[in-house]
file run_34.csv (CSV, C-alpha atoms)
chain,number,residue,atom,x,y,z
A,148,MET,CA,-27.7,11.2,5.4
A,149,PRO,CA,-28.9,11.2,1.8
A,150,LEU,CA,-27.4,7.7,1.0
A,151,GLY,CA,-29.5,6.2,3.8
A,152,THR,CA,-32.7,7.2,2.0
A,153,ASP,CA,-31.4,6.0,-1.4
A,154,TYR,CA,-30.3,2.6,-0.2
A,155,ALA,CA,-33.1,2.0,2.2
A,156,ARG,CA,-34.8,-0.7,0.0
A,157,GLN,CA,-31.6,-2.7,-0.3
A,158,ASP,CA,-31.7,-5.6,2.2
A,159,CYS,CA,-27.9,-5.9,2.1
A,160,SER,CA,-25.1,-5.4,4.5
A,161,LEU,CA,-23.0,-3.7,1.9
A,162,ALA,CA,-25.7,-1.1,1.5
A,163,ARG,CA,-25.8,-0.6,5.2
A,164,SER,CA,-22.1,0.0,5.3
A,165,LEU,CA,-22.3,2.5,2.5
A,166,GLU,CA,-25.0,4.4,4.3
A,167,ILE,CA,-22.4,5.0,7.0
A,168,VAL,CA,-19.1,5.3,5.1
A,169,GLY,CA,-20.2,5.9,1.5
A,170,GLU,CA,-20.5,9.7,1.8
A,171,ARG,CA,-17.8,11.6,-0.1
A,172,TRP,CA,-14.7,12.2,2.0
A,173,THR,CA,-15.9,9.9,4.9
A,174,LEU,CA,-13.5,7.1,4.2
A,175,LEU,CA,-10.6,9.5,3.8
A,176,ILE,CA,-11.4,11.1,7.1
A,177,LEU,CA,-11.4,7.6,8.7
A,178,ARG,CA,-8.1,6.8,7.0
A,179,ASP,CA,-6.6,9.9,8.5
A,180,ALA,CA,-7.9,8.9,11.9
A,181,PHE,CA,-6.2,5.5,11.5
A,182,TRP,CA,-2.9,7.3,10.7
A,183,GLY,CA,-3.4,9.3,14.0
A,184,VAL,CA,-5.0,12.6,13.0
A,185,HIS,CA,-7.2,13.8,15.8
A,186,ARG,CA,-7.8,17.5,15.3
A,187,PHE,CA,-10.1,19.4,13.0
A,188,THR,CA,-7.3,21.7,11.6
A,189,ASP,CA,-5.1,18.7,10.8
A,190,PHE,CA,-7.9,16.8,9.0
A,191,GLN,CA,-8.6,20.0,7.0
A,192,ALA,CA,-5.0,20.7,6.1
A,193,HIS,CA,-4.4,17.1,5.0
A,194,LEU,CA,-7.7,16.7,3.1
A,195,ASP,CA,-8.2,20.1,1.4
A,196,VAL,CA,-11.9,19.8,2.2
A,197,SER,CA,-14.1,22.7,3.1
A,198,ARG,CA,-14.8,23.4,6.8
A,199,ALA,CA,-18.5,22.9,6.2
A,200,VAL,CA,-18.1,19.4,4.6
A,201,LEU,CA,-15.5,18.3,7.2
A,202,SER,CA,-17.8,19.4,10.1
A,203,ALA,CA,-20.8,17.6,8.7
A,204,ARG,CA,-18.8,14.4,8.1
A,205,LEU,CA,-17.2,14.4,11.5
A,206,GLU,CA,-20.6,15.1,13.1
A,207,ALA,CA,-22.1,12.1,11.2
A,208,LEU,CA,-19.2,9.8,12.2
A,209,VAL,CA,-19.7,10.7,15.9
A,210,GLU,CA,-23.4,10.2,15.6
A,211,ASP,CA,-22.9,6.8,13.9
A,212,GLY,CA,-20.5,5.8,16.6
A,213,LEU,CA,-17.4,5.5,14.5
A,214,LEU,CA,-15.6,8.4,16.1
A,215,SER,CA,-15.7,9.8,19.6
A,216,ARG,CA,-15.2,13.5,20.3
A,217,THR,CA,-13.5,14.7,23.5
A,218,GLY,CA,-12.9,18.3,24.6
A,219,THR,CA,-14.7,21.4,23.4
A,220,GLY,CA,-13.4,24.3,21.3
A,221,HIS,CA,-10.3,22.3,20.2
A,222,ALA,CA,-12.0,19.0,20.1
A,223,SER,CA,-10.2,15.7,19.5
A,224,TYR,CA,-11.5,12.8,17.5
A,225,HIS,CA,-10.7,9.2,18.1
A,226,LEU,CA,-11.8,6.0,16.5
A,227,THR,CA,-14.2,3.9,18.6
A,228,GLU,CA,-14.2,0.1,18.5
A,229,ALA,CA,-16.8,0.3,15.7
A,230,GLY,CA,-14.5,2.6,13.8
A,231,LEU,CA,-11.4,0.5,14.4
A,232,SER,CA,-13.2,-2.6,13.1
A,233,LEU,CA,-13.4,-1.0,9.7
A,234,TRP,CA,-9.6,-1.5,9.3
A,235,PRO,CA,-9.8,-4.7,7.2
A,236,ALA,CA,-12.2,-3.1,4.7
A,237,LEU,CA,-10.3,0.1,4.5
A,238,TYR,CA,-7.0,-1.7,4.0
A,239,ALA,CA,-8.4,-4.0,1.4
A,240,LEU,CA,-9.8,-1.1,-0.6
A,241,ALA,CA,-6.5,0.8,-0.4
A,242,GLN,CA,-4.6,-2.3,-1.5
A,243,TRP,CA,-6.9,-2.7,-4.5
A,244,GLY,CA,-6.0,1.0,-5.4
A,245,GLU,CA,-2.3,0.3,-5.1
A,246,GLN,CA,-2.5,-2.7,-7.4
A,247,ARG,CA,-4.7,-0.9,-9.9
A,248,THR,CA,-2.8,2.4,-10.1
A,249,THR,CA,0.9,1.7,-9.3
A,250,PRO,CA,1.5,-2.0,-9.4
A,251,GLY,CA,4.9,-3.0,-8.1
A,252,ALA,CA,5.4,0.5,-6.6
A,253,PRO,CA,3.1,1.0,-3.6
A,254,ARG,CA,2.7,4.5,-2.2
A,255,ARG,CA,2.6,3.2,1.4
A,256,LEU,CA,4.0,0.1,3.1
A,257,PHE,CA,2.7,-1.3,6.4
A,258,PHE,CA,4.7,-3.3,8.9
A,259,HIS,CA,3.6,-5.5,11.8
A,260,ILE,CA,5.9,-3.8,14.4
A,261,GLY,CA,8.8,-6.0,15.4
A,262,CYS,CA,7.7,-8.7,13.0
A,263,GLY,CA,7.2,-8.5,9.2
A,264,ARG,CA,5.6,-6.6,6.3
A,265,LEU,CA,1.9,-6.6,5.8
A,266,GLU,CA,0.7,-8.5,2.8
A,267,PRO,CA,-2.1,-7.3,0.5
A,268,ASP,CA,-4.5,-9.7,2.3
A,269,GLY,CA,-3.9,-7.8,5.6
A,270,ARG,CA,-1.7,-10.6,7.2
A,271,CYS,CA,1.8,-10.2,8.3
A,272,GLY,CA,4.2,-11.9,5.9
A,273,ALA,CA,6.3,-13.1,8.9
A,274,CYS,CA,3.9,-14.4,11.5
A,275,GLY,CA,0.8,-14.9,9.3
A,276,ARG,CA,-1.5,-13.1,11.7
A,277,ALA,CA,-3.8,-10.1,10.9
A,278,PRO,CA,-2.4,-7.5,13.3
A,279,LEU,CA,-4.6,-4.8,14.9
A,280,PRO,CA,-4.0,-1.3,13.6
A,281,ALA,CA,-2.3,-0.3,16.8
A,282,ASP,CA,0.4,-2.8,16.1
A,283,LEU,CA,1.1,-1.5,12.6
A,284,GLU,CA,3.6,1.1,11.3
A,285,ILE,CA,3.1,3.0,8.1
A,286,ARG,CA,6.1,3.9,5.9
A,287,PRO,CA,6.5,5.6,2.5
A,288,GLY,CA,6.7,3.1,-0.3
A,289,PRO,CA,8.6,3.3,-3.6
A,290,GLY,CA,5.6,4.9,-5.2
A,291,ALA,CA,5.3,7.8,-2.7
A,292,ASP,CA,5.4,11.2,-4.2
A,293,PHE,CA,6.7,13.8,-1.7
A,294,THR,CA,6.1,16.7,-4.0
A,295,VAL,CA,2.3,16.5,-4.0
A,296,ARG,CA,1.6,17.8,-0.5
A,297,ASP,CA,3.5,19.6,2.3
A,298,ASP,CA,0.9,20.0,5.0
A,299,PRO,CA,2.1,18.9,8.5
A,300,VAL,CA,0.4,15.5,8.3
A,301,SER,CA,1.9,14.7,4.9
A,302,VAL,CA,5.3,15.8,6.1
A,303,ALA,CA,5.2,13.7,9.2
A,304,LEU,CA,4.2,10.6,7.1
A,305,ARG,CA,7.5,10.9,5.2
A,306,GLU,CA,8.9,9.0,8.2
A,307,PRO,CA,7.8,5.7,9.6
A,308,HIS,CA,4.8,6.3,11.9
A,309,ARG,CA,2.9,4.0,14.3
A,310,LEU,CA,-0.8,3.9,13.5
A,311,LEU,CA,-3.2,5.7,15.9
A,312,THR,CA,-0.4,7.7,17.6
A,313,PRO,CA,-0.9,11.5,17.3
A,314,LEU,CA,-0.2,13.0,13.9
A,315,PRO,CA,1.4,15.4,13.3
A,316,PRO,CA,3.6,14.8,16.4
A,317,ARG,CA,3.4,17.7,18.9
B,236,MET,CA,-16.1,11.6,-12.6
B,237,PRO,CA,-16.6,14.4,-10.0
B,238,LEU,CA,-14.8,12.4,-7.2
B,239,GLY,CA,-11.7,12.3,-9.4
B,240,THR,CA,-11.4,16.0,-9.3
B,241,ASP,CA,-12.1,16.3,-5.6
B,242,TYR,CA,-9.5,13.7,-4.5
B,243,ALA,CA,-6.9,14.6,-7.1
B,244,ARG,CA,-4.6,16.1,-4.5
B,245,GLN,CA,-4.6,13.1,-2.2
B,246,ASP,CA,-1.5,11.0,-3.0
B,247,CYS,CA,-3.2,7.9,-1.6
B,248,SER,CA,-4.3,4.5,-3.0
B,249,LEU,CA,-7.5,4.7,-1.0
B,250,ALA,CA,-8.4,8.0,-2.8
B,251,ARG,CA,-7.6,6.4,-6.1
B,252,SER,CA,-9.9,3.5,-5.3
B,253,LEU,CA,-12.7,5.8,-4.3
B,254,GLU,CA,-12.4,7.8,-7.5
B,255,ILE,CA,-13.4,4.5,-9.3
B,256,VAL,CA,-15.8,2.9,-6.9
B,257,GLY,CA,-16.8,5.7,-4.6
B,258,GLU,CA,-19.6,7.1,-6.7
B,259,ARG,CA,-23.1,6.5,-5.3
B,260,TRP,CA,-24.5,3.1,-6.4
B,261,THR,CA,-21.2,1.9,-8.0
B,262,LEU,CA,-20.3,-0.7,-5.3
B,263,LEU,CA,-23.9,-2.0,-5.3
B,264,ILE,CA,-23.7,-2.5,-9.1
B,265,LEU,CA,-20.5,-4.4,-8.7
B,266,ARG,CA,-22.0,-6.5,-5.8
B,267,ASP,CA,-24.8,-7.5,-8.2
B,268,ALA,CA,-22.3,-8.4,-10.9
B,269,PHE,CA,-20.6,-10.7,-8.4
B,270,TRP,CA,-23.9,-12.3,-7.6
B,271,GLY,CA,-24.3,-12.9,-11.4
B,272,VAL,CA,-26.4,-10.1,-12.6
B,273,HIS,CA,-25.5,-9.3,-16.2
B,274,ARG,CA,-28.4,-7.3,-17.8
B,275,PHE,CA,-29.4,-3.7,-17.5
B,276,THR,CA,-33.0,-4.6,-16.7
B,277,ASP,CA,-32.0,-6.9,-13.9
B,278,PHE,CA,-29.6,-4.4,-12.3
B,279,GLN,CA,-32.4,-1.8,-12.5
B,280,ALA,CA,-35.1,-4.0,-11.0
B,281,HIS,CA,-32.8,-5.1,-8.1
B,282,LEU,CA,-31.4,-1.7,-7.4
B,283,ASP,CA,-34.4,0.6,-7.8
B,284,VAL,CA,-32.1,3.1,-9.5
B,285,SER,CA,-33.0,5.5,-12.3
B,286,ARG,CA,-32.1,4.4,-15.8
B,287,ALA,CA,-30.0,7.5,-16.2
B,288,VAL,CA,-27.9,6.9,-13.1
B,289,LEU,CA,-27.5,3.2,-13.9
B,290,SER,CA,-26.4,3.9,-17.5
B,291,ALA,CA,-23.9,6.5,-16.3
B,292,ARG,CA,-22.4,4.1,-13.7
B,293,LEU,CA,-22.2,1.1,-16.0
B,294,GLU,CA,-20.6,3.3,-18.7
B,295,ALA,CA,-18.0,4.5,-16.1
B,296,LEU,CA,-17.3,1.0,-14.9
B,297,VAL,CA,-16.7,-0.2,-18.5
B,298,GLU,CA,-14.5,2.9,-19.2
B,299,ASP,CA,-12.5,2.2,-16.0
B,300,GLY,CA,-12.0,-1.4,-17.0
B,301,LEU,CA,-14.0,-3.1,-14.2
B,302,LEU,CA,-16.8,-4.4,-16.4
B,303,SER,CA,-16.8,-5.5,-20.0
B,304,ARG,CA,-19.8,-5.1,-22.2
B,305,THR,CA,-20.8,-7.6,-24.8
B,306,GLY,CA,-23.6,-7.4,-27.4
B,307,THR,CA,-25.6,-4.4,-28.4
B,308,GLY,CA,-29.2,-3.6,-27.6
B,309,HIS,CA,-29.5,-6.2,-24.9
B,310,ALA,CA,-26.0,-5.7,-23.7
B,311,SER,CA,-24.5,-8.0,-21.1
B,312,TYR,CA,-22.0,-6.9,-18.5
B,313,HIS,CA,-19.3,-9.0,-16.9
B,314,LEU,CA,-16.6,-8.4,-14.3
B,315,THR,CA,-13.1,-8.1,-15.8
B,316,GLU,CA,-10.0,-9.3,-13.9
B,317,ALA,CA,-9.7,-5.8,-12.4
B,318,GLY,CA,-13.3,-6.0,-11.3
B,319,LEU,CA,-13.0,-9.5,-9.8
B,320,SER,CA,-9.9,-8.3,-7.8
B,321,LEU,CA,-12.2,-6.0,-5.9
B,322,TRP,CA,-13.8,-9.0,-4.1
B,323,PRO,CA,-11.8,-8.9,-0.9
B,324,ALA,CA,-12.6,-5.2,-0.4
B,325,LEU,CA,-16.2,-5.6,-1.2
B,326,TYR,CA,-16.6,-8.7,1.1
B,327,ALA,CA,-14.7,-6.9,4.0
B,328,LEU,CA,-17.0,-3.9,3.7
B,329,ALA,CA,-20.1,-6.1,3.6
B,330,GLN,CA,-18.9,-8.1,6.6
B,331,TRP,CA,-18.4,-4.9,8.6
B,332,GLY,CA,-22.0,-4.0,7.8
B,333,GLU,CA,-23.2,-7.4,8.9
B,334,GLN,CA,-21.4,-7.0,12.2
B,335,ARG,CA,-22.5,-3.5,12.8
B,336,THR,CA,-26.2,-3.8,11.9
B,337,THR,CA,-27.3,-7.4,12.7
B,338,PRO,CA,-24.6,-9.0,14.8
B,339,GLY,CA,-25.1,-12.8,15.1
B,340,ALA,CA,-27.7,-12.8,12.4
B,341,PRO,CA,-26.1,-12.2,9.0
B,342,ARG,CA,-28.3,-11.5,6.0
B,343,ARG,CA,-26.1,-13.6,3.7
B,344,LEU,CA,-23.8,-16.5,4.2
B,345,PHE,CA,-21.0,-17.5,1.8
B,346,PHE,CA,-19.7,-21.0,1.4
B,347,HIS,CA,-16.5,-22.3,-0.3
B,348,ILE,CA,-18.2,-24.8,-2.5
B,349,GLY,CA,-17.7,-28.4,-1.4
B,350,CYS,CA,-15.6,-27.2,1.6
B,351,GLY,CA,-16.7,-24.9,4.4
B,352,ARG,CA,-18.3,-21.6,5.4
B,353,LEU,CA,-16.5,-18.3,4.6
B,354,GLU,CA,-15.3,-16.5,7.8
B,355,PRO,CA,-15.6,-12.7,8.2
B,356,ASP,CA,-11.9,-12.4,7.1
B,357,GLY,CA,-12.7,-13.9,3.7
B,358,ARG,CA,-11.1,-17.3,4.4
B,359,CYS,CA,-12.8,-20.7,4.3
B,360,GLY,CA,-13.4,-22.0,7.9
B,361,ALA,CA,-12.5,-25.5,6.7
B,362,CYS,CA,-9.5,-25.2,4.4
B,363,GLY,CA,-8.2,-21.8,5.5
B,364,ARG,CA,-7.8,-20.5,2.0
B,365,ALA,CA,-9.3,-17.3,0.5
B,366,PRO,CA,-11.4,-18.7,-2.3
B,367,LEU,CA,-12.0,-16.9,-5.6
B,368,PRO,CA,-15.5,-15.6,-6.1
B,369,ALA,CA,-16.2,-18.3,-8.7
B,370,ASP,CA,-15.8,-20.9,-6.0
B,371,LEU,CA,-18.3,-19.4,-3.7
B,372,GLU,CA,-22.0,-19.9,-3.1
B,373,ILE,CA,-24.2,-17.3,-1.5
B,374,ARG,CA,-27.1,-18.4,0.7
B,375,PRO,CA,-29.7,-16.5,2.7
B,376,GLY,CA,-28.6,-16.1,6.4
B,377,PRO,CA,-30.7,-16.0,9.5
B,378,GLY,CA,-31.0,-12.2,9.2
B,379,ALA,CA,-32.4,-12.2,5.6
B,380,ASP,CA,-35.7,-10.5,5.2
B,381,PHE,CA,-37.7,-12.0,2.3
B,382,THR,CA,-40.4,-9.4,2.6
B,383,VAL,CA,-38.3,-6.4,1.5
B,384,ARG,CA,-38.0,-7.2,-2.2
B,385,ASP,CA,-39.6,-9.4,-4.8
B,386,ASP,CA,-37.8,-8.5,-8.0
B,387,PRO,CA,-36.4,-11.5,-10.0
B,388,VAL,CA,-32.9,-11.2,-8.6
B,389,SER,CA,-34.0,-11.0,-5.0
B,390,VAL,CA,-36.4,-14.0,-5.5
B,391,ALA,CA,-33.6,-16.1,-7.1
B,392,LEU,CA,-31.3,-15.2,-4.1
B,393,ARG,CA,-33.7,-16.9,-1.7
B,394,GLU,CA,-32.0,-20.1,-2.8
B,395,PRO,CA,-28.3,-21.0,-2.7
B,396,HIS,CA,-26.6,-19.5,-5.8
B,397,ARG,CA,-23.1,-19.8,-7.2
B,398,LEU,CA,-21.4,-16.5,-7.6
B,399,LEU,CA,-20.9,-15.1,-11.1
B,400,THR,CA,-23.4,-17.6,-12.6
B,401,PRO,CA,-26.3,-15.8,-14.4
B,402,LEU,CA,-28.9,-14.3,-12.2
B,403,PRO,CA,-31.8,-14.5,-12.4
B,404,PRO,CA,-31.5,-18.0,-14.0
B,405,ARG,CA,-33.0,-18.1,-17.5
call {"tool": "encode", "arguments": {"input": "run_34.csv", "output": "structure tokens"}}
result
Amino acid sequence: MPLGTDYARQDCSLARSLEIVGERWTLLILRDAFWGVHRFTDFQAHLDVSRAVLSARLEALVEDGLLSRTGTGHASYHLTEAGLSLWPALYALAQWGEQRTTPGAPRRLFFHIGCGRLEPDGRCGACGRAPLPADLEIRPGPGADFTVRDDPVSVALREPHRLLTPLPPR
Amino acid sequence: MPLGTDYARQDCSLARSLEIVGERWTLLILRDAFWGVHRFTDFQAHLDVSRAVLSARLEALVEDGLLSRTGTGHASYHLTEAGLSLWPALYALAQWGEQRTTPGAPRRLFFHIGCGRLEPDGRCGACGRAPLPADLEIRPGPGADFTVRDDPVSVALREPHRLLTPLPPR
């Protein structure tokens, strides 16, 4: 990956992270995987990215151990433990975006299932713990704009959806 | 910025974040600003990045309101409130890199000054709070490699250093 070469002389854990997830589109692919997107065609429809770029990014993520691929032909991609452990960073970056662009009207809300709403620091407002992604539900927030996209993933996300469960539902 | 165009059809706060900080080198420039780097020549010496790229990235960060520039000629760059609010995301991403690449031997350690060590979740192990960057000290960890770089910023970071205070010291 080109970033690897560029950042090689930075003795820094952030640079190492960016070598893996700093490529264009990579974090959005991982985001979709957290939502529950598993199939190439669904990633593509939701991301509007070329087949070539999507293939390359998925390949790199499998190689770097963040996604595992099962099946052939209609392969299915799932977050590994290493991929799942990126959740706090991904959530923190998304929260920063919410606060920067639509303060007071988040596009997405997250709930600790059966407990409370997730705070911007990643902890449940009710129990104070930092739930695992599998215990979270995503719901449209007051800032969501349903007119932007109508691909199957976007349509499914207009309703509450448990993270990591297949999206779109089949 | 090219990423803006690419991600424009993603109604997503993460995509908005990446439009601002997803450009190559941008997060490493912000990292240096958190450490206390303020001057063009120091960013350049620490990052090994071309003058043209560094100029463009600093310009964009000022335009996006994450850095402020003071002085002319020998300008000085400082994180704004918006820039400072990126700390939790930047720290989370760096921690993920530490755990992925050198588990058990972090390159950098962070301390809540006068209190305790910062945990991977960004909270102080002693008081349990999430300190502001200005209240943190960075120190080399057991995984630090002093042989990689000898620019003035890297040399200064071989000793404990309070975040946001000028680096290298003058």
call {"tool": "calpha_fit_and_write", "arguments": {"input": "run_34.csv", "fixed": "chain A", "moving": "chain B", "output": "short mmCIF file (atom, residue, chain, number, x, y, z; two decimals) with C-alpha atoms, in the coordinates of the input"}}
result
data_model
loop_
_atom_site.label_atom_id
_atom_site.label_comp_id
_atom_site.auth_asym_id
_atom_site.auth_seq_id
_atom_site.Cartn_x
_atom_site.Cartn_y
_atom_site.Cartn_z
CA MET B 236 -27.72 11.16 5.43
CA PRO B 237 -28.96 11.19 1.78
CA LEU B 238 -27.41 7.72 1.01
CA GLY B 239 -29.55 6.25 3.79
CA THR B 240 -32.67 7.15 1.98
CA ASP B 241 -31.45 6.01 -1.40
CA TYR B 242 -30.32 2.52 -0.25
CA ALA B 243 -33.14 1.98 2.21
CA ARG B 244 -34.73 -0.67 0.04
CA GLN B 245 -31.61 -2.76 -0.38
CA ASP B 246 -31.71 -5.56 2.23
CA CYS B 247 -27.92 -5.87 2.10
CA SER B 248 -25.03 -5.39 4.58
CA LEU B 249 -22.99 -3.71 1.88
CA ALA B 250 -25.75 -1.04 1.47
CA ARG B 251 -25.84 -0.59 5.20
CA SER B 252 -22.09 -0.05 5.27
CA LEU B 253 -22.25 2.47 2.49
CA GLU B 254 -24.98 4.44 4.22
CA ILE B 255 -22.34 5.06 7.01
CA VAL B 256 -19.12 5.32 5.11
CA GLY B 257 -20.19 5.91 1.56
CA GLU B 258 -20.55 9.65 1.76
CA ARG B 259 -17.88 11.61 -0.14
CA TRP B 260 -14.75 12.19 2.00
CA THR B 261 -15.92 9.91 4.89
CA LEU B 262 -13.45 7.02 4.22
CA LEU B 263 -10.59 9.52 3.78
CA ILE B 264 -11.42 11.05 7.19
CA LEU B 265 -11.38 7.65 8.75
CA ARG B 266 -8.05 6.77 6.96
CA ASP B 267 -6.55 9.89 8.57
CA ALA B 268 -7.89 8.89 11.97
CA PHE B 269 -6.13 5.55 11.56
CA TRP B 270 -2.93 7.32 10.70
CA GLY B 271 -3.39 9.31 13.99
CA VAL B 272 -4.96 12.50 12.97
CA HIS B 273 -7.14 13.79 15.80
CA ARG B 274 -7.78 17.57 15.26
CA PHE B 275 -10.10 19.39 12.95
CA THR B 276 -7.32 21.63 11.66
CA ASP B 277 -5.12 18.71 10.79
CA PHE B 278 -7.87 16.79 8.98
CA GLN B 279 -8.63 19.99 7.03
CA ALA B 280 -5.04 20.74 6.07
CA HIS B 281 -4.43 17.10 4.92
CA LEU B 282 -7.68 16.72 3.10
CA ASP B 283 -8.16 20.09 1.41
CA VAL B 284 -11.85 19.86 2.27
CA SER B 285 -14.18 22.74 3.11
CA ARG B 286 -14.79 23.36 6.79
CA ALA B 287 -18.48 22.86 6.23
CA VAL B 288 -18.12 19.45 4.61
CA LEU B 289 -15.57 18.32 7.20
CA SER B 290 -17.77 19.41 10.13
CA ALA B 291 -20.77 17.64 8.63
CA ARG B 292 -18.80 14.38 8.12
CA LEU B 293 -17.16 14.37 11.53
CA GLU B 294 -20.56 15.11 13.15
CA ALA B 295 -22.06 12.12 11.21
CA LEU B 296 -19.22 9.83 12.15
CA VAL B 297 -19.63 10.72 15.86
CA GLU B 298 -23.46 10.28 15.58
CA ASP B 299 -22.94 6.87 13.90
CA GLY B 300 -20.58 5.79 16.63
CA LEU B 301 -17.35 5.49 14.57
CA LEU B 302 -15.55 8.42 16.17
CA SER B 303 -15.74 9.82 19.65
CA ARG B 304 -15.21 13.46 20.36
CA THR B 305 -13.46 14.73 23.42
CA GLY B 306 -12.99 18.34 24.61
CA THR B 307 -14.72 21.42 23.36
CA GLY B 308 -13.31 24.20 21.24
CA HIS B 309 -10.24 22.29 20.21
CA ALA B 310 -12.05 19.02 20.03
CA SER B 311 -10.16 15.79 19.47
CA TYR B 312 -11.53 12.85 17.55
CA HIS B 313 -10.71 9.20 18.08
CA LEU B 314 -11.78 5.94 16.46
CA THR B 315 -14.23 3.93 18.59
CA GLU B 316 -14.25 0.10 18.55
CA ALA B 317 -16.79 0.26 15.70
CA GLY B 318 -14.49 2.57 13.82
CA LEU B 319 -11.35 0.46 14.39
CA SER B 320 -13.28 -2.64 13.10
CA LEU B 321 -13.42 -0.96 9.73
CA TRP B 322 -9.64 -1.51 9.24
CA PRO B 323 -9.77 -4.67 7.17
CA ALA B 324 -12.22 -3.07 4.71
CA LEU B 325 -10.32 0.11 4.48
CA TYR B 326 -6.92 -1.69 4.00
CA ALA B 327 -8.46 -4.07 1.31
CA LEU B 328 -9.82 -1.09 -0.60
CA ALA B 329 -6.51 0.76 -0.37
CA GLN B 330 -4.59 -2.32 -1.49
CA TRP B 331 -6.84 -2.67 -4.54
CA GLY B 332 -5.99 0.93 -5.41
CA GLU B 333 -2.30 0.26 -5.00
CA GLN B 334 -2.55 -2.68 -7.36
CA ARG B 335 -4.65 -0.95 -9.90
CA THR B 336 -2.81 2.39 -10.12
CA THR B 337 0.90 1.73 -9.34
CA PRO B 338 1.47 -2.00 -9.47
CA GLY B 339 4.89 -2.97 -8.01
CA ALA B 340 5.39 0.46 -6.57
CA PRO B 341 3.07 1.02 -3.60
CA ARG B 342 2.72 4.49 -2.15
CA ARG B 343 2.62 3.16 1.42
CA LEU B 344 3.96 0.11 3.12
CA PHE B 345 2.64 -1.31 6.41
CA PHE B 346 4.70 -3.29 8.84
CA HIS B 347 3.63 -5.48 11.83
CA ILE B 348 5.85 -3.83 14.35
CA GLY B 349 8.85 -5.93 15.36
CA CYS B 350 7.72 -8.72 12.94
CA GLY B 351 7.25 -8.45 9.19
CA ARG B 352 5.68 -6.58 6.28
CA LEU B 353 1.86 -6.58 5.86
CA GLU B 354 0.76 -8.54 2.72
CA PRO B 355 -2.05 -7.26 0.44
CA ASP B 356 -4.49 -9.63 2.30
CA GLY B 357 -3.89 -7.80 5.58
CA ARG B 358 -1.73 -10.54 7.15
CA CYS B 359 1.85 -10.21 8.39
CA GLY B 360 4.29 -11.90 5.90
CA ALA B 361 6.31 -13.17 8.86
CA CYS B 362 3.87 -14.38 11.50
CA GLY B 363 0.79 -14.88 9.32
CA ARG B 364 -1.52 -13.07 11.67
CA ALA B 365 -3.81 -10.09 10.88
CA PRO B 366 -2.45 -7.47 13.23
CA LEU B 367 -4.60 -4.79 14.88
CA PRO B 368 -4.04 -1.29 13.60
CA ALA B 369 -2.28 -0.32 16.84
CA ASP B 370 0.43 -2.80 16.02
CA LEU B 371 1.17 -1.42 12.66
CA GLU B 372 3.62 1.13 11.30
CA ILE B 373 3.10 2.97 8.06
CA ARG B 374 6.11 3.88 5.93
CA PRO B 375 6.48 5.63 2.58
CA GLY B 376 6.71 3.06 -0.31
CA PRO B 377 8.62 3.27 -3.53
CA GLY B 378 5.60 4.89 -5.23
CA ALA B 379 5.23 7.78 -2.70
CA ASP B 380 5.39 11.20 -4.20
CA PHE B 381 6.74 13.76 -1.69
CA THR B 382 6.09 16.64 -4.01
CA VAL B 383 2.27 16.44 -3.95
CA ARG B 384 1.66 17.75 -0.44
CA ASP B 385 3.47 19.61 2.29
CA ASP B 386 0.87 20.00 5.01
CA PRO B 387 2.00 18.88 8.53
CA VAL B 388 0.41 15.46 8.29
CA SER B 389 1.88 14.65 4.91
CA VAL B 390 5.37 15.87 6.07
CA ALA B 391 5.18 13.71 9.25
CA LEU B 392 4.19 10.67 7.04
CA ARG B 393 7.50 10.89 5.19
CA GLU B 394 8.91 9.02 8.16
CA PRO B 395 7.80 5.68 9.63
CA HIS B 396 4.80 6.30 11.94
CA ARG B 397 2.86 4.05 14.28
CA LEU B 398 -0.79 3.94 13.50
CA LEU B 399 -3.23 5.70 15.84
CA THR B 400 -0.39 7.65 17.54
CA PRO B 401 -0.93 11.46 17.26
CA LEU B 402 -0.17 12.97 13.95
CA PRO B 403 1.39 15.36 13.34
CA PRO B 404 3.59 14.77 16.46
CA ARG B 405 3.38 17.66 18.92
#
call {"tool": "atom_distance", "arguments": {"input": "run_34.csv", "atom1": "atom CA of B:Pro387", "atom2": "atom CA of B:Pro323"}}
result
26.4 Å
call {"tool": "atom_distance", "arguments": {"input": "run_34.csv", "atom1": "atom CA of B:Val388", "atom2": "atom CA of B:Phe269"}}
result
12.3 Å
call {"tool": "residues_around", "arguments": {"input": "run_34.csv", "residues": "stretch 338-349 of chain B", "least_positions_apart": "3", "cutoff": "6 Å", "atoms": "only C-alpha atoms", "output": "PDB file with C-alpha atoms, in the frame of the given file"}}
result
ATOM      1  CA  GLU B 333     -23.200  -7.400   8.900  1.00  0.00           C
ATOM      2  CA  GLN B 334     -21.400  -7.000  12.200  1.00  0.00           C
ATOM      3  CA  ARG B 352     -18.300 -21.600   5.400  1.00  0.00           C
ATOM      4  CA  LEU B 353     -16.500 -18.300   4.600  1.00  0.00           C
ATOM      5  CA  ASP B 370     -15.800 -20.900  -6.000  1.00  0.00           C
ATOM      6  CA  LEU B 371     -18.300 -19.400  -3.700  1.00  0.00           C
ATOM      7  CA  GLU B 372     -22.000 -19.900  -3.100  1.00  0.00           C
ATOM      8  CA  ILE B 373     -24.200 -17.300  -1.500  1.00  0.00           C
ATOM      9  CA  ARG B 374     -27.100 -18.400   0.700  1.00  0.00           C
ATOM     10  CA  PRO B 375     -29.700 -16.500   2.700  1.00  0.00           C
ATOM     11  CA  GLY B 376     -28.600 -16.100   6.400  1.00  0.00           C
ATOM     12  CA  PRO B 377     -30.700 -16.000   9.500  1.00  0.00           C
ATOM     13  CA  GLY B 378     -31.000 -12.200   9.200  1.00  0.00           C
ATOM     14  CA  ALA B 379     -32.400 -12.200   5.600  1.00  0.00           C
TER      15      ALA B 379
END
